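Here the structure is laid out as structure tokens; the discussion comes afterwards.
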There are 4 protein chains.
Amino acid sequence: MEKIDLSGLNLPEKEQKILEAAIGVFSEKGFSAATTSEIAKNAGVAEGTIFRYFKTKKDIMRGILIQGIQLISGKLVMEPVERILLSSEDKDLRTILKELLYDRIKLVDTVFPIARVILTEVLLNEEVREAVYQNIITRAIKDFRIFHRKMAEKGLMRDDIEPEIIFRSILGNMAMFIAQRKLFGDKFKMDDLDKEFDKLIDIILYGLVNNPATPPKV
Amino acid sequence: MEKIDLSGLNLPEKEQKILEAAIGVFSEKGFSAATTSEIAKNAGVAEGTIFRYFKTKKDIMRGILIQGIQLISGKLVMEPVERILLSSEDKDLRTILKELLYDRIKLVDTVFPIARVILTEVLLNEEVREAVYQNIITRAIKDFRIFHRKMAEKGLMRDDIEPEIIFRSILGNMAMFIAQRKLFGDKFKMDDLDKEFDKLIDIILYGLVNNPATPPKV
Amino acid sequence: MEKIDLSGLNLPEKEQKILEAAIGVFSEKGFSAATTSEIAKNAGVAEGTIFRYFKTKKDIMRGILIQGIQLISGKLVMEPVERILLSSEDKDLRTILKELLYDRIKLVDTVFPIARVILTEVLLNEEVREAVYQNIITRAIKDFRIFHRKMAEKGLMRDDIEPEIIFRSILGNMAMFIAQRKLFGDKFKMDDLDKEFDKLIDIILYGLVNNPATPPKV
Amino acid sequence: MEKIDLSGLNLPEKEQKILEAAIGVFSEKGFSAATTSEIAKNAGVAEGTIFRYFKTKKDIMRGILIQGIQLISGKLVMEPVERILLSSEDKDLRTILKELLYDRIKLVDTVFPIARVILTEVLLNEEVREAVYQNIITRAIKDFRIFHRKMAEKGLMRDDIEPEIIFRSILGNMAMFIAQRKLFGDKFKMDDLDKEFDKLIDIILYGLVNNPATPPKV
DNA sequence: TATGAATGAGAATTCATTCAT
DNA sequence: GATGAATGAATTCTCATTCAT
């Protein structure tokens, strides 16, 4: 079972173990099909112990979402984006994007289980949707807007379409790329990761039209 | 509750009712949290009746997937794509795409519940993933390849990147667009659908770079 | 285990069996210490069956209280009292009381388990107290008031003390008599029931003072 | 929460606190529904500490019963009755009874929680019934017999009925009076306590018959 | 001695599935 | 075929009790 490391969060040892185990089980079976008995076994604690840390099974999910959203909106979104925004002064868009994507995709790779838990819940649960929107999406969009303005001012990014829509497109491209790798990875022969990235970025940057003005790919 | 119409499939009346009800309940609660009792109530049959048509609850899901995949790969993928391929001789790519998307998005709108059921299962269930891959994805890619070759030959679509990747990009853009509308629809003020489509297509076609060669949008 | 017969209530067969079993178990162990598993076993049904008839264990208690209060306020209080009131025209108070007590005590004997359940709950549960007060006590007092007025008019019952207080005294005497028999029955050698009744009534009628005017007991 | 003071018993401080807390919780919820965790919280000790003083939860109940019975049979029964027996030489029965009742009822008022615990257990538990019988009832009856003989010799109390039965009647009257006050106190408008006592005693002494020989009440 | 985290047996409750009608 | 009452295995959750610190 894939395990995600929450040791950076300074939770009590058992709580951390329970959350990590729960992420694994929820990720594989979904919330309803997961049992507290299996979570306990995977966490290496007694079933009763779970309920000392989480009043109900639902509260375990809440715990995951809180930690997951924190993890994602912290490490995953805010920090690297700000880092890249600050250091991107003299790089071209392709380089920046590639750097960004590299970082992002590696990260998503490591947080895939928790991301899948969140995604499944987003599909089924209005409340979680709201939380994700408030805590992840709005912050990401805010960050992207700043980045977009900077790029647009330099003439590197189009300005005729709202940044939200551009952001959505980037997200869609990346999400599909990740989905393909994680869910159907064995079914597509892929080039090495670097070449894949170049193609992905190329599409994101220039679209699918055969444009003579398109600069040559790396 | 959203209801999907399976009357085109010539199933026995009760079986069809049960499937339609199950799609609704599975879509809202997920497979495990859905109860056969609620499905029965929504279908207007006795709980026992369900088990005359489906040996187990899992078999209901199988029934949905079979019908859903059939529905999607039939009405949703093959037929319209072929229609567009045959009639696209003298249209430019934007027109074709817009037509295609219009159709697709309307369709996805109507089959959203079943799509959500399939998507959730794809996330959790290797077996379903396999079925979806075999029945939907490969067929769609095969179709797209034909379309791509035609477009590339006319110089309307780039040829330097594999059609699978182009297809993935289109899919990612569309999926994100739909997800935004269906899951967070109340949170974004949108233009009217037509303008949204234009922007979406514009991004798909030309990417996010501020390219002087980009033709003016409608 | 003592069993009470609820067949006069026209409940569904299983519901009746469950209630009867629950009365037995609640009566012996109290509500909290009773388990649904034991109730099921005593009722001869599967544990799950209980929850088709009663949503929760608390609802079983509610069912008992409803049936019990109905039973008591119907058969136990209203009907016989009215019967005795109507037929008491030419009897003296001792005869009436004896008749009344005979009837009451036999009845209480048969409904002892349910009475014990109600009594225990009355001690612990404000809500039940309220229900008992509304449904049993007020009705009993109302009846007694009518009876008291009639007796007082004939000069057979004292009129210088509120009927509620007289009623309370009768109740207290009877309750203690029953409690002694049911809870400590093996510890006191008793005369035969008839003699016991005479003494009980004698005390109720004339008190404990050595009153020369006291008529000779039977 | 009502708290009973056990400081006269010279128990270790923590044991006393635990017993006092347990009386409160048992009295409100009954034995089974009470949790050791709540007892610990109310006692201001850790949950584990309870089990240093009492091997099991049942042993807490045993501790309460032992202390309670001791308390009742000591302070409540023996001492005051003896006091009254010794000092009653020249008082009439009404005065003696009133004095006795005043004392008793005040006392019962203060020990209501523990009395409720004992009563509930008496209803459910044969063992406790036995202990109460041996330690409280027989002693009380023995005392009352002495009192009764003295009164009967003076011609103040009837001699034609066994003292046990007279005692039972007094007890029943008092118990019902207390029950009404404690359990349904808010539902009956009462006179002031003194008048209530007079009526109660009047009924106990003279019964409910309209007896011309009955002396006028105070 | 006191603590309170951890335990796990046992309780209430749910629900897919069966089957007599 | 259709029904829905009955089932009981499985699940979540509680809580008395233990024990390392």
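Labels used: A, B, ... for chains in the order of the structure tokens, numbers from 1 for residues in each chain, and numbers from 1 for ligands as shown.
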Inset, instruction - Select residues of chain C: the criterion is any atom within 12 Å of an atom of chain E, counting only C-alpha atoms (C1' of nucleotides); output as a PyMOL selection string. - result: chain C and resi 32-38+47-52+54-58
Legend entry - DSSP-assigned helix (DSSP H, G or I) members of chain B, reported as an MDAnalysis selection string: chainID B and resid 7:9 13:29 36:43 47:53 57:87 93:110 112:124 126:153 163:184 193:206
Legend entry - stretch 21-29 of chain D environment, 7 Å, only C-alpha atoms (C1' of nucleotides), sequence neighbours closer than 4 positions dropped, as a ChimeraX atom specification: /C:124 /D:1-3,17,33-34,39,42-43,64,113-114,116-117
Give the residues of chain F that lie within 8 Å of chain A; count only C-alpha atoms (C1' of nucleotides), and format the answer as an mmCIF file with C-alpha atoms (C1' of nucleotides), in the first residue's frame.
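To be explicit, this is the file written out as out.cif:
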data_model
loop_
_atom_site.group_PDB
_atom_site.id
_atom_site.type_symbol
_atom_site.label_atom_id
_atom_site.label_comp_id
_atom_site.auth_asym_id
_atom_site.auth_seq_id
_atom_site.Cartn_x
_atom_site.Cartn_y
_atom_site.Cartn_z
ATOM 1 C "C1'" DT F 11 -19.326 -2.307 10.838
ATOM 2 C "C1'" DT F 12 -18.813 1.640 13.763
ATOM 3 C "C1'" DC F 13 -18.283 2.975 18.222
#
Legend entry - C:Met174 environment, 8 Å, only C-alpha atoms (C1' of nucleotides), sequence neighbours closer than 3 positions dropped, as a PyMOL selection string: (chain C and resi 170-171+177-178+200) or (chain D and resi 172)
Written file, previous selection with C-alpha atoms, as an mmCIF file, in the first residue's frame:
data_model
loop_
_atom_site.group_PDB
_atom_site.id
_atom_site.type_symbol
_atom_site.label_atom_id
_atom_site.label_comp_id
_atom_site.auth_asym_id
_atom_site.auth_seq_id
_atom_site.Cartn_x
_atom_site.Cartn_y
_atom_site.Cartn_z
ATOM 1 C CA ILE C 170 -53.883 5.050 49.406
ATOM 2 C CA LEU C 171 -51.287 4.759 46.685
ATOM 3 C CA PHE C 177 -47.710 -3.564 50.156
ATOM 4 C CA ILE C 178 -46.886 -4.584 46.608
ATOM 5 C CA LEU C 200 -54.151 -2.988 54.649
ATOM 6 C CA GLY D 172 -45.634 4.056 52.304
#
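For the choices A:Leu71, A:Leu101, A:Leu208, A:Leu6, the atom-to-atom distance to B:Met151 is smallest for A:Leu208 when using only C-alpha atoms.
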Inset, instruction - Using only C-alpha atoms, determine which residues of chain B fall within 6 Å of chain A; present them as a list in words. - result: Ser32, Ala33, Leu124, Leu156, Met157, Arg158, Ser169, Gly172, Asn173, Met176, Ile204, Leu205, Tyr206, Gly207, Leu208, Val209 and Asn210 of chain B
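In this structure, atom CA of A:Ile141 sits 21.5 Å away from atom CA of A:Asp109.
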Legend entry - Residue neighbourhood C:Ile118, 8 Å, only C-alpha atoms (C1' of nucleotides), exclusion window fewer than 6 positions, as a list in words: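 Answer for this query is Leu65, Gly68 and Val128 of chain C.
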